[in-house]
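Asks: I have a structure I would like to understand better, so I am pasting it below and will then ask my questions one at a time.
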Amino acid sequence: MSFTLKCILIDDEILGLKYLKMLCEQMEDIEVVKAYVDPELFINEIENLDFDFCILDIEMPKINGLQIANLLKEKPFIFSTAYKEYAVDAFDLDATDYIQKPIKKERLQQAVDKVKKRLQNNFSSQNNFVQLNSDKGKILLQFNQIVYITTSTVDSRDKVVYYQDLSFLILKNITLDALSEMLPEKDFVRINKREIISLHHIKYFHSDNVTLDVLSKDNKEINLVLSEVYKANFIAQISI
């Protein structure tokens, strides 16, 4: 799933707002729908706006960013502020990120990436599939049918998806990082540089390998490497 994020900007400082808008416009995956210097105007128009997330200041006259965040319902938001003391309040409101001014482009990109991942996870939790390119054309990758995904030995840009009956398909020109973001986090985990597995198909595991609950076509156990780099995240995932 790839998309352009539609963003609303809110900051009562005109120069700061212009600078933030300029940074956003330098990012390929962001479309600035509208920038507000007056938060009350945003509140008056919110019902008619089409946007995915919001970047907003906290310290503003009349109504502050914390109050606005409560009106955003389930839309992600990023706070951009010069004040450290609001950090706890921000995360109590489930802010996706909290950026201190002056804002750097690299830090803003990190925050936007978090928003994208949250939106993708929301999409995955609401849908049981994602549309991708395969060697046979466009396909709907059904999450509940996947046992594991591995990097192709023929072309590392491609990924091989194995199903419960050990049939497979080839996803064209996609990274495991991209797949990790698309797959529901509660159901899948990466175990090494080359493979992602379904948590529902783990039979047992040791310190350096994972055995799946399906057999290979020659009736042997499927054992995959659990690398040291991904071990901590793997343990955290299976402990949820």
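Each chain in the structure tokens gets a letter, A, B and so on, in the order shown; residues start at 1 in every chain, and ligands are counted from 1 in the order they appear.
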Could you find all residues in region 44-200 of chain A that DSSP calls strand (DSSP E) from the backbone, and write them as a PyMOL selection string?

Replies: chain A and resi 53-56+77-81+97-100+129-134+137-142+146-151+159-163+168-171+188-190+195-198

Asks: For region 193-206 of chain A, find every residue with an atom within 9 Å (counting only C-alpha atoms), except residues of its own chain fewer than 6 positions away, and show them as an MDAnalysis selection string.

Replies: chainID A and resid 143:144 146:152 156 159 164 176 179:180 186:187 212:214 223:227 229:230 237:238

Asks: Among region 21-229 of chain A, which ones does DSSP place in alpha helix (DSSP H), written as an MDAnalysis selection string?

Replies: chainID A and resid 21:25 39:45 65:69 87:92 105:126 176:182 228:229

Asks: As an exercise, work out the distance from CA of Leu140 (chain A) to CA of Val160 (chain A) in Å and give it to one decimal place.

Replies: 14.4 Å
